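Here is start32.txt, consisting of compact mmCIF, C-alpha atoms:
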# COMPACT_ATOMS: atom_id res chain seq x y z
CA MET Q 924 19.88 -44.87 -8.34
CA GLY Q 925 19.50 -42.07 -10.93
CA GLU Q 926 21.49 -41.59 -14.08
CA SER Q 927 23.91 -39.08 -12.52
CA GLU Q 928 24.71 -41.41 -9.64
CA GLN Q 929 25.32 -44.39 -11.92
CA PHE Q 930 27.46 -42.56 -14.46
CA LYS Q 931 29.79 -40.21 -12.60
CA ARG Q 932 32.63 -40.41 -15.11
CA VAL Q 933 31.55 -40.33 -18.77
CA VAL Q 934 34.15 -40.68 -21.51
CA ILE Q 935 33.46 -39.43 -25.04
CA ILE Q 936 35.88 -40.91 -27.58
CA GLY Q 937 35.62 -38.67 -30.63
CA VAL Q 938 34.59 -35.11 -29.71
CA GLY Q 939 33.14 -34.12 -33.07
CA LEU Q 940 29.61 -33.09 -34.02
CA ILE Q 941 27.84 -35.94 -32.20
CA GLY Q 942 30.27 -36.38 -29.30
CA GLY Q 943 30.55 -32.65 -28.75
CA SER Q 944 26.79 -32.16 -28.92
CA LEU Q 945 26.30 -34.95 -26.37
CA GLY Q 946 28.61 -33.13 -23.98
CA LEU Q 947 26.92 -29.77 -24.49
CA ALA Q 948 23.42 -31.24 -24.20
CA LEU Q 949 24.21 -33.05 -20.95
CA LYS Q 950 25.82 -29.97 -19.42
CA ARG Q 951 22.86 -27.82 -20.48
CA LYS Q 952 20.48 -30.18 -18.66
CA GLY Q 953 22.53 -30.14 -15.47
CA PHE Q 954 24.52 -33.36 -15.64
CA THR Q 955 26.67 -33.36 -12.50
CA GLY Q 956 29.23 -36.00 -13.46
CA THR Q 957 32.60 -35.49 -15.12
CA LEU Q 958 32.84 -35.49 -18.92
CA ILE Q 959 36.18 -36.66 -20.32
CA GLY Q 960 37.00 -36.13 -23.99
CA VAL Q 961 39.41 -38.33 -25.94
CA ASP Q 962 40.63 -37.04 -29.30
CA HIS Q 963 43.47 -35.18 -31.03
CA PRO Q 964 44.96 -32.35 -28.91
CA HIS Q 965 43.78 -29.51 -31.17
CA ILE Q 966 40.20 -30.83 -31.06
CA LEU Q 967 40.35 -31.18 -27.29
CA ASP Q 968 41.55 -27.59 -27.02
CA ILE Q 969 38.45 -26.38 -28.82
CA ALA Q 970 36.24 -28.68 -26.73
CA ARG Q 971 37.70 -27.23 -23.53
CA GLN Q 972 37.26 -23.67 -24.80
CA ARG Q 973 33.60 -24.40 -25.58
CA HIS Q 974 33.11 -26.07 -22.16
CA ILE Q 975 32.06 -29.33 -23.80
CA ILE Q 976 34.29 -31.46 -21.57
CA ASP Q 977 35.79 -31.22 -18.10
CA GLU Q 978 38.93 -33.23 -18.78
CA ALA Q 979 40.95 -33.84 -21.95
CA VAL Q 980 42.90 -37.00 -22.76
CA PRO Q 981 44.89 -37.39 -26.01
CA LYS Q 982 43.78 -40.42 -28.00
CA GLU Q 983 47.14 -42.18 -27.60
CA ARG Q 984 46.42 -42.27 -23.84
CA ALA Q 985 42.77 -43.35 -24.18
CA SER Q 986 43.23 -46.21 -21.69
CA GLN Q 987 43.93 -43.60 -19.01
CA ALA Q 988 40.33 -42.38 -19.46
CA THR Q 989 38.51 -45.67 -20.08
CA SER Q 990 40.04 -47.45 -17.08
CA SER Q 991 38.09 -45.23 -14.68
CA ALA Q 992 34.94 -44.63 -16.77
CA ASP Q 993 31.41 -45.60 -15.78
CA LEU Q 994 30.12 -44.92 -19.30
CA ILE Q 995 32.01 -44.76 -22.61
CA PHE Q 996 30.57 -43.24 -25.79
CA LEU Q 997 32.30 -44.31 -29.01
CA CYS Q 998 31.59 -41.31 -31.26
CA THR Q 999 33.92 -42.10 -34.15
CA PRO Q 1000 33.31 -43.41 -37.70
CA ILE Q 1001 32.06 -47.01 -37.83
CA SER Q 1002 35.43 -48.41 -38.91
CA ASP Q 1003 37.08 -46.83 -35.87
CA ILE Q 1004 34.29 -48.06 -33.57
CA LEU Q 1005 34.93 -51.62 -34.78
CA ARG Q 1006 38.66 -51.22 -34.20
CA LEU Q 1007 38.19 -49.75 -30.73
CA ILE Q 1008 35.85 -52.54 -29.67
CA GLN Q 1009 38.48 -55.09 -30.63
CA THR Q 1010 41.25 -53.44 -28.63
CA MET Q 1011 39.77 -51.60 -25.63
CA GLY Q 1012 38.43 -54.48 -23.53
CA ALA Q 1013 41.45 -54.85 -21.27
CA ASP Q 1014 41.32 -51.15 -20.37
CA VAL Q 1015 37.66 -51.04 -19.29
CA ARG Q 1016 36.86 -51.32 -15.62
CA PRO Q 1017 34.36 -53.96 -14.37
CA GLY Q 1018 30.77 -52.75 -14.45
CA ALA Q 1019 31.33 -50.07 -17.10
CA LEU Q 1020 28.80 -49.53 -19.87
CA ILE Q 1021 30.02 -49.02 -23.46
CA THR Q 1022 27.85 -47.56 -26.21
CA ASP Q 1023 28.37 -46.18 -29.71
CA VAL Q 1024 26.66 -43.77 -32.11
CA GLY Q 1025 27.27 -45.64 -35.40
CA SER Q 1026 24.56 -45.49 -38.05
CA THR Q 1027 24.54 -49.27 -38.59
CA LYS Q 1028 24.22 -51.70 -35.71
CA ARG Q 1029 24.55 -55.41 -36.57
CA ARG Q 1030 28.28 -55.55 -37.26
CA ILE Q 1031 29.07 -53.41 -34.22
CA ALA Q 1032 26.91 -55.63 -31.99
CA GLU Q 1033 28.60 -58.76 -33.35
CA MET Q 1034 32.05 -57.36 -32.62
CA ALA Q 1035 31.01 -56.22 -29.13
CA ASN Q 1036 29.70 -59.70 -28.28
CA LEU Q 1037 32.89 -61.24 -29.62
CA TYR Q 1038 35.58 -58.96 -28.20
CA LEU Q 1039 34.34 -57.07 -25.15
CA PRO Q 1040 34.92 -58.82 -21.81
CA SER Q 1041 31.98 -60.16 -19.82
CA HIS Q 1042 32.73 -57.79 -16.92
CA CYS Q 1043 31.38 -54.80 -18.90
CA ASP Q 1044 28.10 -54.15 -20.75
CA PHE Q 1045 27.39 -52.89 -24.25
CA ILE Q 1046 24.33 -51.20 -25.78
CA GLY Q 1047 24.46 -50.09 -29.40
CA GLY Q 1048 23.12 -46.60 -30.03
CA HIS Q 1049 22.21 -44.40 -32.98
CA PRO Q 1050 21.04 -40.80 -32.49
CA MET Q 1051 18.89 -39.94 -35.51
CA ALA Q 1052 20.36 -36.47 -35.69
CA GLY Q 1053 22.90 -34.72 -37.82
CA SER Q 1054 23.90 -31.49 -39.44
CA GLU Q 1055 25.25 -30.27 -42.73
CA SER Q 1056 28.36 -29.20 -40.79
CA ASN Q 1057 30.79 -31.51 -39.02
CA GLY Q 1058 33.45 -31.29 -36.35
CA VAL Q 1059 33.63 -29.99 -32.80
CA GLU Q 1060 32.99 -26.44 -34.05
CA ALA Q 1061 29.51 -27.55 -35.18
CA ALA Q 1062 28.59 -29.15 -31.83
CA ASP Q 1063 25.13 -27.98 -30.76
CA PRO Q 1064 23.47 -28.42 -27.34
CA PHE Q 1065 20.08 -28.65 -29.08
CA LEU Q 1066 21.09 -31.20 -31.72
CA PHE Q 1067 19.14 -34.03 -30.08
CA GLU Q 1068 15.99 -32.11 -29.16
CA ASN Q 1069 12.94 -34.12 -30.35
CA THR Q 1070 15.09 -36.61 -32.21
CA THR Q 1071 14.77 -40.38 -32.00
CA TYR Q 1072 17.73 -41.99 -30.28
CA VAL Q 1073 17.80 -45.71 -31.08
CA LEU Q 1074 19.14 -48.10 -28.46
CA ALA Q 1075 19.84 -51.56 -29.86
CA PRO Q 1076 21.01 -54.01 -27.18
CA SER Q 1077 22.24 -57.34 -28.50
CA LYS Q 1078 22.03 -59.17 -25.16
CA PRO Q 1079 20.40 -58.56 -21.76
CA ILE Q 1080 22.01 -56.20 -19.26
CA ASN Q 1081 21.16 -55.11 -15.75
CA GLU Q 1082 17.71 -53.47 -15.81
CA ALA Q 1083 18.68 -50.60 -13.51
CA LYS Q 1084 21.70 -49.80 -15.65
CA ARG Q 1085 19.66 -49.92 -18.87
CA LYS Q 1086 17.00 -47.66 -17.37
CA GLY Q 1087 19.59 -45.24 -16.03
CA PHE Q 1088 21.28 -45.05 -19.42
CA GLY Q 1089 17.93 -44.39 -21.11
CA GLU Q 1090 17.27 -41.56 -18.66
CA LEU Q 1091 20.69 -40.09 -19.41
CA ILE Q 1092 19.97 -40.11 -23.13
CA GLU Q 1093 16.60 -38.46 -22.53
CA MET Q 1094 18.42 -35.64 -20.71
CA THR Q 1095 19.71 -34.57 -24.14
CA GLY Q 1096 16.13 -33.98 -25.30
CA ALA Q 1097 15.95 -37.15 -27.40
CA LYS Q 1098 13.24 -39.82 -27.37
CA VAL Q 1099 14.55 -43.34 -26.82
CA LEU Q 1100 13.46 -46.14 -29.17
CA LEU Q 1101 14.47 -49.68 -28.17
CA ILE Q 1102 14.83 -52.10 -31.10
CA SER Q 1103 17.11 -54.95 -32.17
CA PRO Q 1104 20.28 -54.34 -34.23
CA LEU Q 1105 18.73 -56.34 -37.10
CA LEU Q 1106 15.52 -54.29 -37.21
CA HIS Q 1107 17.50 -51.06 -36.93
CA ASP Q 1108 19.60 -51.90 -39.98
CA GLU Q 1109 16.56 -52.94 -42.01
CA ILE Q 1110 14.67 -49.74 -41.22
CA ALA Q 1111 17.76 -47.61 -41.84
CA ALA Q 1112 18.24 -49.30 -45.22
CA ALA Q 1113 14.64 -48.49 -46.18
CA VAL Q 1114 14.31 -44.91 -44.95
CA SER Q 1115 17.89 -43.56 -45.09
CA HIS Q 1116 20.24 -45.66 -47.18
CA LEU Q 1117 17.83 -46.35 -50.07
CA PRO Q 1118 16.96 -42.63 -50.49
CA GLN Q 1119 20.70 -41.88 -50.73
CA MET Q 1120 21.11 -44.52 -53.44
CA ALA Q 1121 18.01 -43.26 -55.26
CA ALA Q 1122 19.33 -39.68 -55.21
CA ILE Q 1123 22.66 -40.81 -56.63
CA ALA Q 1124 20.90 -42.83 -59.35
CA LEU Q 1125 18.70 -39.86 -60.35
CA MET Q 1126 21.71 -37.53 -60.45
CA SER Q 1127 23.72 -40.03 -62.52
CA LEU Q 1128 20.85 -40.46 -64.98
CA ALA Q 1129 20.40 -36.72 -65.48
CA ALA Q 1130 24.17 -36.14 -65.77
CA ARG Q 1131 24.45 -38.76 -68.55
CA ARG Q 1132 21.55 -37.18 -70.41
CA GLN Q 1133 23.21 -33.79 -69.92
CA LYS Q 1134 25.96 -34.97 -72.25
CA GLU Q 1135 23.32 -35.35 -74.97
CA SER Q 1136 21.63 -32.03 -74.25
CA SER Q 1137 22.77 -29.18 -72.05
CA HIS Q 1138 19.16 -28.44 -71.12
CA PHE Q 1139 18.70 -31.38 -68.73
CA LEU Q 1140 20.30 -29.85 -65.64
CA LYS Q 1141 19.08 -26.37 -66.55
CA MET Q 1142 15.54 -27.68 -66.10
CA ALA Q 1143 16.43 -29.75 -63.02
CA ALA Q 1144 14.66 -27.65 -60.42
CA GLY Q 1145 11.71 -28.16 -58.08
CA GLY Q 1146 11.11 -31.80 -57.26
CA PHE Q 1147 14.35 -32.99 -58.84
CA ARG Q 1148 16.43 -30.56 -56.81
CA ASP Q 1149 14.61 -31.52 -53.61
CA MET Q 1150 14.95 -35.26 -54.21
CA THR Q 1151 18.64 -35.11 -55.07
CA ARG Q 1152 19.82 -32.74 -52.32
CA ILE Q 1153 21.39 -35.63 -50.40
CA ALA Q 1154 23.31 -36.74 -53.50
CA SER Q 1155 25.92 -34.19 -52.44
CA SER Q 1156 26.67 -36.11 -49.21
CA PRO Q 1157 30.40 -36.92 -49.01
CA PHE Q 1158 31.39 -40.53 -49.66
CA GLY Q 1159 33.42 -40.59 -46.44
CA ILE Q 1160 30.20 -40.60 -44.44
CA TRP Q 1161 28.73 -43.45 -46.47
CA GLU Q 1162 31.69 -45.76 -47.03
CA ASP Q 1163 31.33 -47.58 -43.69
CA ILE Q 1164 27.53 -47.70 -44.02
CA LEU Q 1165 27.81 -49.43 -47.38
CA LYS Q 1166 30.34 -51.90 -46.02
CA THR Q 1167 28.30 -52.83 -42.94
CA ASN Q 1168 24.75 -52.82 -44.34
CA SER Q 1169 25.19 -53.79 -47.99
CA ASP Q 1170 22.84 -56.79 -47.83
CA MET Q 1171 19.93 -54.75 -46.49
CA ILE Q 1172 20.58 -51.93 -48.96
CA GLU Q 1173 20.63 -54.39 -51.87
CA THR Q 1174 17.36 -55.93 -50.66
CA TYR Q 1175 15.63 -52.56 -50.57
CA ILE Q 1176 17.05 -51.48 -53.93
CA ASP Q 1177 15.45 -54.63 -55.36
CA ALA Q 1178 12.18 -53.80 -53.59
CA TYR Q 1179 12.32 -50.23 -54.95
CA VAL Q 1180 12.93 -51.48 -58.49
CA GLU Q 1181 9.91 -53.76 -58.08
CA GLU Q 1182 7.78 -50.79 -56.98
CA LEU Q 1183 8.97 -48.79 -59.99
CA GLN Q 1184 8.06 -51.70 -62.28
CA LYS Q 1185 4.56 -51.73 -60.79
CA LEU Q 1186 4.28 -47.98 -61.40
CA LYS Q 1187 5.48 -48.45 -64.98
CA ALA Q 1188 2.78 -51.06 -65.57
CA THR Q 1189 0.00 -48.79 -64.26
CA ILE Q 1190 1.21 -45.34 -65.29
CA GLN Q 1191 -1.65 -44.86 -67.77
CA ALA Q 1192 -4.27 -46.52 -65.64
CA GLU Q 1193 -6.93 -44.83 -63.55
CA SER Q 1194 -5.56 -46.65 -60.49
CA MET Q 1195 -2.66 -44.18 -60.43
CA ALA Q 1196 -5.01 -41.68 -58.80
CA ASN Q 1197 -5.37 -44.03 -55.84
CA LEU Q 1198 -1.60 -44.43 -55.61
CA PHE Q 1199 -1.15 -40.65 -55.52
CA ASP Q 1200 -3.81 -40.29 -52.81
CA THR Q 1201 -2.39 -43.14 -50.74
CA SER Q 1202 1.14 -41.80 -51.01
CA ALA Q 1203 0.03 -38.32 -49.94
CA LYS Q 1204 -1.84 -39.70 -46.91
CA ASN Q 1205 1.07 -41.92 -45.88
CA ARG Q 1206 3.54 -39.05 -46.16
CA LEU Q 1207 1.38 -36.94 -43.89
CA SER Q 1208 1.65 -39.68 -41.28
CA ILE Q 1209 5.42 -39.16 -40.96
CA PRO Q 1210 5.97 -37.40 -37.60
CA LYS Q 1211 6.77 -33.72 -38.04
CA ASP Q 1212 8.15 -33.22 -34.54
CA THR Q 1213 11.18 -35.47 -34.96
CA ARG Q 1214 14.36 -34.96 -36.92
CA GLY Q 1215 15.78 -37.44 -39.34
CA PHE Q 1216 19.35 -38.27 -40.24
CA MET Q 1217 19.77 -34.79 -41.56
CA ARG Q 1218 18.26 -31.96 -39.57
CA PRO Q 1219 15.34 -30.36 -41.47
CA HIS Q 1220 15.09 -26.66 -42.04
CA TYR Q 1221 11.99 -24.53 -41.67
CA ASP Q 1222 11.49 -22.72 -44.96
CA ILE Q 1223 9.65 -19.66 -46.18
CA SER Q 1224 9.16 -18.22 -49.66
CA ILE Q 1225 9.48 -14.49 -50.29
CA ALA Q 1226 8.34 -12.58 -53.36
CA VAL Q 1227 11.03 -9.98 -54.08
CA GLU Q 1228 11.30 -7.09 -56.49
CA ASP Q 1229 14.17 -6.99 -58.98
CA ARG Q 1230 15.97 -3.99 -57.57
CA PRO Q 1231 19.31 -3.39 -55.84
CA GLY Q 1232 19.54 -3.99 -52.10
CA MET Q 1233 16.59 -6.37 -51.65
CA ILE Q 1234 18.63 -9.27 -50.29
CA ALA Q 1235 20.64 -6.93 -48.07
CA MET Q 1236 17.43 -5.38 -46.70
CA ILE Q 1237 15.98 -8.80 -45.83
CA ALA Q 1238 19.20 -10.04 -44.25
CA THR Q 1239 19.67 -6.84 -42.21
CA ALA Q 1240 16.10 -6.91 -40.91
CA LEU Q 1241 16.56 -10.48 -39.68
CA LEU Q 1242 20.00 -9.73 -38.23
CA GLU Q 1243 18.59 -6.88 -36.14
CA LYS Q 1244 16.28 -9.40 -34.45
CA ASN Q 1245 19.06 -12.01 -34.15
CA ILE Q 1246 17.26 -14.43 -36.48
CA ASN Q 1247 19.81 -16.68 -38.18
CA ILE Q 1248 19.34 -17.72 -41.83
CA LYS Q 1249 20.50 -21.33 -42.28
CA ASP Q 1250 20.14 -21.46 -46.07
CA ILE Q 1251 19.14 -19.14 -48.90
CA GLU Q 1252 18.18 -19.88 -52.49
CA VAL Q 1253 16.80 -17.94 -55.45
CA LEU Q 1254 13.99 -20.15 -56.77
CA LYS Q 1255 12.99 -18.13 -59.83
CA ILE Q 1256 13.65 -14.66 -61.20
CA ARG Q 1257 12.42 -12.51 -64.06
CA GLU Q 1258 14.59 -9.59 -65.07
CA ASN Q 1259 13.05 -6.19 -64.24
CA GLU Q 1260 10.06 -7.89 -62.56
CA GLY Q 1261 11.26 -9.88 -59.56
CA GLY Q 1262 11.07 -13.42 -58.37
CA THR Q 1263 10.91 -15.81 -55.42
CA MET Q 1264 13.50 -16.58 -52.77
CA ARG Q 1265 13.62 -19.41 -50.26
CA LEU Q 1266 14.98 -18.79 -46.77
CA ALA Q 1267 15.55 -21.63 -44.29
CA PHE Q 1268 15.68 -21.39 -40.50
CA ALA Q 1269 16.77 -23.80 -37.80
CA THR Q 1270 13.53 -23.77 -35.78
CA GLU Q 1271 9.80 -23.19 -36.20
CA VAL Q 1272 10.07 -20.28 -33.75
CA ASP Q 1273 12.66 -18.56 -35.96
CA ARG Q 1274 10.48 -19.13 -39.01
CA GLU Q 1275 7.40 -17.59 -37.35
CA MET Q 1276 9.42 -14.59 -36.16
CA ALA Q 1277 10.89 -14.11 -39.64
CA LEU Q 1278 7.46 -14.29 -41.30
CA ALA Q 1279 6.00 -11.70 -38.94
CA LEU Q 1280 8.98 -9.38 -39.32
CA LEU Q 1281 9.17 -9.54 -43.12
CA LYS Q 1282 5.41 -9.12 -43.51
CA SER Q 1283 5.64 -6.02 -41.33
CA ARG Q 1284 8.19 -4.68 -43.83
CA GLY Q 1285 5.64 -5.07 -46.62
CA LEU Q 1286 7.07 -8.25 -48.13
CA GLU Q 1287 4.86 -11.03 -49.44
CA CYS Q 1288 5.99 -14.27 -47.81
CA ARG Q 1289 4.60 -17.63 -46.71
CA LYS Q 1290 5.60 -20.96 -45.20
CA ARG Q 1291 7.07 -23.69 -47.39
CA GLU Q 1292 6.26 -27.22 -46.11
Would you kindly transcribe this structure into structure tokens?
Amino acid sequence: MGESEQFKRVVIIGVGLIGGSLGLALKRKGFTGTLIGVDHPHILDIARQRHIIDEAVPKERASQATSSADLIFLCTPISDILRLIQTMGADVRPGALITDVGSTKRRIAEMANLYLPSHCDFIGGHPMAGSESNGVEAADPFLFENTTYVLAPSKPINEAKRKGFGELIEMTGAKVLLISPLLHDEIAAAVSHLPQMAAIALMSLAARRQKESSHFLKMAAGGFRDMTRIASSPFGIWEDILKTNSDMIETYIDAYVEELQKLKATIQAESMANLFDTSAKNRLSIPKDTRGFMRPHYDISIAVEDRPGMIAMIATALLEKNINIKDIEVLKIRENEGGTMRLAFATEVDREMALALLKSRGLECRKRE
């Protein structure tokens, strides 16, 4: 039995960026079942207009949708996922599969094992995809292309059902990774949650020094700007993560402090050269064809003259070829001479097209990795 035959009625509770993108991605790949959205009426209106869902159910009548569902996606913040798991069991039909998209897994798995009835199955999930925009308006059918989609079962389920669910997820373009909730949370603490904490710490340090001298943030460009980009992430996204993975985050902060102490002890030693080489080699081993928690952009640098209309000329040239600029930044500028701009694109194809087009217009530009 294929994934479409097993999951004829799929309910998405929370039709925002992730839930909406799931609906669009499945429809794009020819999913033949019925997609039911559960959310606030105004969000459901947009979801219907964008053809994300086939049926709309207001959240106060969620049981109307879940009682007939073969598969239920919980695409809400972690705190809401935990609340739903505690209350929805009586409204789920026997044999249904429940999953979530929360970015931590242990607490959700514990609650599922404790509160969900034995007549339904649960598999924790975490699509390693995101965007700098949120909400149903930002839903993207290509959001999951080449991403890692973690599935973290906490107890055995029917093999055919697990396989069918994995095939359904792969329809979105994602690559399934099967790991335990514990390992997921440890890895997430190391490669996602710790970088966020480090960015906040760096920003806090520089801001305190800024009070002593106004030059600190004026010189905070290049590597500092790159490393602290995620420091602007809203706390609302992180509050539940900190509550449900604090022990792992604390462990990896301690490990990071230990690494910094080792660096401090060897900073004037010749062995630092080996550390630089090893770090460079290890970074190159990070897969380039998968997206992380935040979707990467594909950047180029452009040397521009300091004269009126340069930015407009570049933007118009790209617009004529329907190439969308995702981000733009002036990296450096010298009055009456010119400077360097950074443009970011959503895909490698867009970047290559932009490079070819701008070079044909006589502009000096190159890839930024």
Near segment 1166-1172 of chain Q, 12 Å: segment 1031-1117 of chain Q residue rows, closest pairs, all atoms listed in the file, as JSON lines:
{"residue": "Q:Ile1031", "atom": "CA", "partner": "Q:Thr1167", "partner_atom": "CA", "distance": 8.8}
{"residue": "Q:Ala1032", "atom": "CA", "partner": "Q:Thr1167", "partner_atom": "CA", "distance": 11.4}
{"residue": "Q:Glu1033", "atom": "CA", "partner": "Q:Thr1167", "partner_atom": "CA", "distance": 11.3}
{"residue": "Q:Met1034", "atom": "CA", "partner": "Q:Thr1167", "partner_atom": "CA", "distance": 11.9}
{"residue": "Q:Pro1104", "atom": "CA", "partner": "Q:Asn1168", "partner_atom": "CA", "distance": 11.2}
{"residue": "Q:Leu1105", "atom": "CA", "partner": "Q:Met1171", "partner_atom": "CA", "distance": 9.6}
{"residue": "Q:Leu1106", "atom": "CA", "partner": "Q:Met1171", "partner_atom": "CA", "distance": 10.3}
{"residue": "Q:His1107", "atom": "CA", "partner": "Q:Asn1168", "partner_atom": "CA", "distance": 10.5}
{"residue": "Q:Asp1108", "atom": "CA", "partner": "Q:Asn1168", "partner_atom": "CA", "distance": 6.8}
{"residue": "Q:Glu1109", "atom": "CA", "partner": "Q:Met1171", "partner_atom": "CA", "distance": 5.9}
{"residue": "Q:Ile1110", "atom": "CA", "partner": "Q:Met1171", "partner_atom": "CA", "distance": 9.0}
{"residue": "Q:Ala1111", "atom": "CA", "partner": "Q:Ile1172", "partner_atom": "CA", "distance": 8.8}
{"residue": "Q:Ala1112", "atom": "CA", "partner": "Q:Ile1172", "partner_atom": "CA", "distance": 5.1}
{"residue": "Q:Ala1113", "atom": "CA", "partner": "Q:Ile1172", "partner_atom": "CA", "distance": 7.4}
{"residue": "Q:Val1114", "atom": "CA", "partner": "Q:Ile1172", "partner_atom": "CA", "distance": 10.2}
{"residue": "Q:Ser1115", "atom": "CA", "partner": "Q:Ile1172", "partner_atom": "CA", "distance": 9.6}
{"residue": "Q:His1116", "atom": "CA", "partner": "Q:Ile1172", "partner_atom": "CA", "distance": 6.5}
{"residue": "Q:Leu1117", "atom": "CA", "partner": "Q:Ile1172", "partner_atom": "CA", "distance": 6.3}
Could you tell me how far atom CA of His1042 of chain Q lies from atom CA of Val1015 of chain Q, in Å and to one decimal? 8.7 Å
Taking only C-alpha atoms into account, which of Q:Ala1062, Q:Leu1101, Q:Ala1083, Q:Val1272 comes nearest Ile969 of chain Q?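 For Ile969 of chain Q, the nearest of the candidates is Q:Ala1062.
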Nearest to Glu1162 of chain Q: which of Q:Arg1016, Q:Phe1268, Q:Thr1027, Q:Asp962 is it, counting all atoms listed in the file?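 With all atoms listed in the file as the atom set, the closest residue is Q:Thr1027.
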Please identify all polymer residues within 12 Å of Glu928 of chain Q, counting only C-alpha atoms, omitting same-chain residues fewer than 4 positions from it, and present them as a ChimeraX atom specification. /Q:924,932-933,954-957,993-994,1083-1084,1087-1088,1090-1091
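We find atom CA of Arg1265 of chain Q and atom CA of Ser1127 of chain Q to be spaced 26.0 Å apart.
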What's around Phe1139 of chain Q at 7 Å? Count only C-alpha atoms, leave out sequence neighbours fewer than 5 positions away in its own chain, and write the answer as a ChimeraX atom specification. /Q:1129,1132-1133
In Å, how far is it from atom CA of Ser1054 of chain Q to atom CA of Ile941 of chain Q?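 Distance reported for this atom pair: 9.4 Å.
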Which residue of Q:Thr1010, Q:Asn1036, Q:Asn1057, Q:Thr1071 approaches Val938 of chain Q most closely, using only C-alpha atoms: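 Among the listed residues, the smallest separation from Val938 of chain Q belongs to Q:Asn1057.
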Can you list, as a list of chain:residue names, every protein, DNA or RNA residue that comes within 12 Å of Pro1017 of chain Q when you count only C-alpha atoms, leaving out same-chain residues fewer than 6 positions away? Q:Thr989, Q:Ser990, Q:Ser991, Q:Ala992, Q:Asp993, Q:Leu994, Q:Leu1039, Q:Pro1040, Q:Ser1041, Q:His1042, Q:Cys1043, Q:Asp1044
Selected residues written out with C-alpha atoms, as a compact mmCIF listing (two decimals), in the frame of the given file:
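Everything below was put into result.txt:
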# COMPACT_ATOMS: atom_id res chain seq x y z
CA THR Q 989 38.51 -45.67 -20.08
CA SER Q 990 40.04 -47.45 -17.08
CA SER Q 991 38.09 -45.23 -14.68
CA ALA Q 992 34.94 -44.63 -16.77
CA ASP Q 993 31.41 -45.60 -15.78
CA LEU Q 994 30.12 -44.92 -19.30
CA LEU Q 1039 34.34 -57.07 -25.15
CA PRO Q 1040 34.92 -58.82 -21.81
CA SER Q 1041 31.98 -60.16 -19.82
CA HIS Q 1042 32.73 -57.79 -16.92
CA CYS Q 1043 31.38 -54.80 -18.90
CA ASP Q 1044 28.10 -54.15 -20.75
Have a look at Q:Pro1064, Q:Gly943, Q:Pro1000, Q:Gly1145 and name the one nearest to Glu1252 of chain Q; count all atoms listed in the file.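 Smallest distance to Glu1252 of chain Q is found for Q:Gly1145.
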Nearby residues (only C-alpha atoms) at most 10 Å from Leu949 of chain Q, same-chain spacing under 2 positions excluded, as a ChimeraX atom specification: /Q:944-947,951-956,958,975,1064,1091-1096
Show me, as a list in words, the residues that have an atom within 12 Å of Leu1140 of chain Q when counting only C-alpha atoms, minus same-chain residues fewer than 3 positions from it.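 Near Leu1140 of chain Q, the qualifying residues are Leu1125, Met1126, Ser1127, Leu1128, Ala1129, Ala1130, Arg1131, Arg1132, Gln1133, Lys1134, Glu1135, Ser1136, Ser1137, Ala1143, Ala1144, Gly1145, Phe1147, Arg1148 and Thr1151 of chain Q.
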With only C-alpha atoms as the atoms that count, which of Q:Leu1280, Q:Ala1097, Q:Ala1269, Q:Cys998 lies nearest to Asp1222 of chain Q? Q:Ala1269
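Residue nearest Ile1246 of chain Q within the list Q:Arg1029, Q:Arg1230, Q:Ala1279, Q:Trp1161: Q:Ala1279 [criterion: smallest interatomic distance, all atoms listed in the file].
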Build an axis-aligned box that encloses every atom of segment 1150-1154 of chain Q listed in the file, pad it by 8 Å on each side, and report its centre and edge lengths in Å to one decimal, as JSON.
{"center_x": 19.1, "center_y": -34.7, "center_z": -52.7, "size_x": 24.4, "size_y": 20.0, "size_z": 20.7}
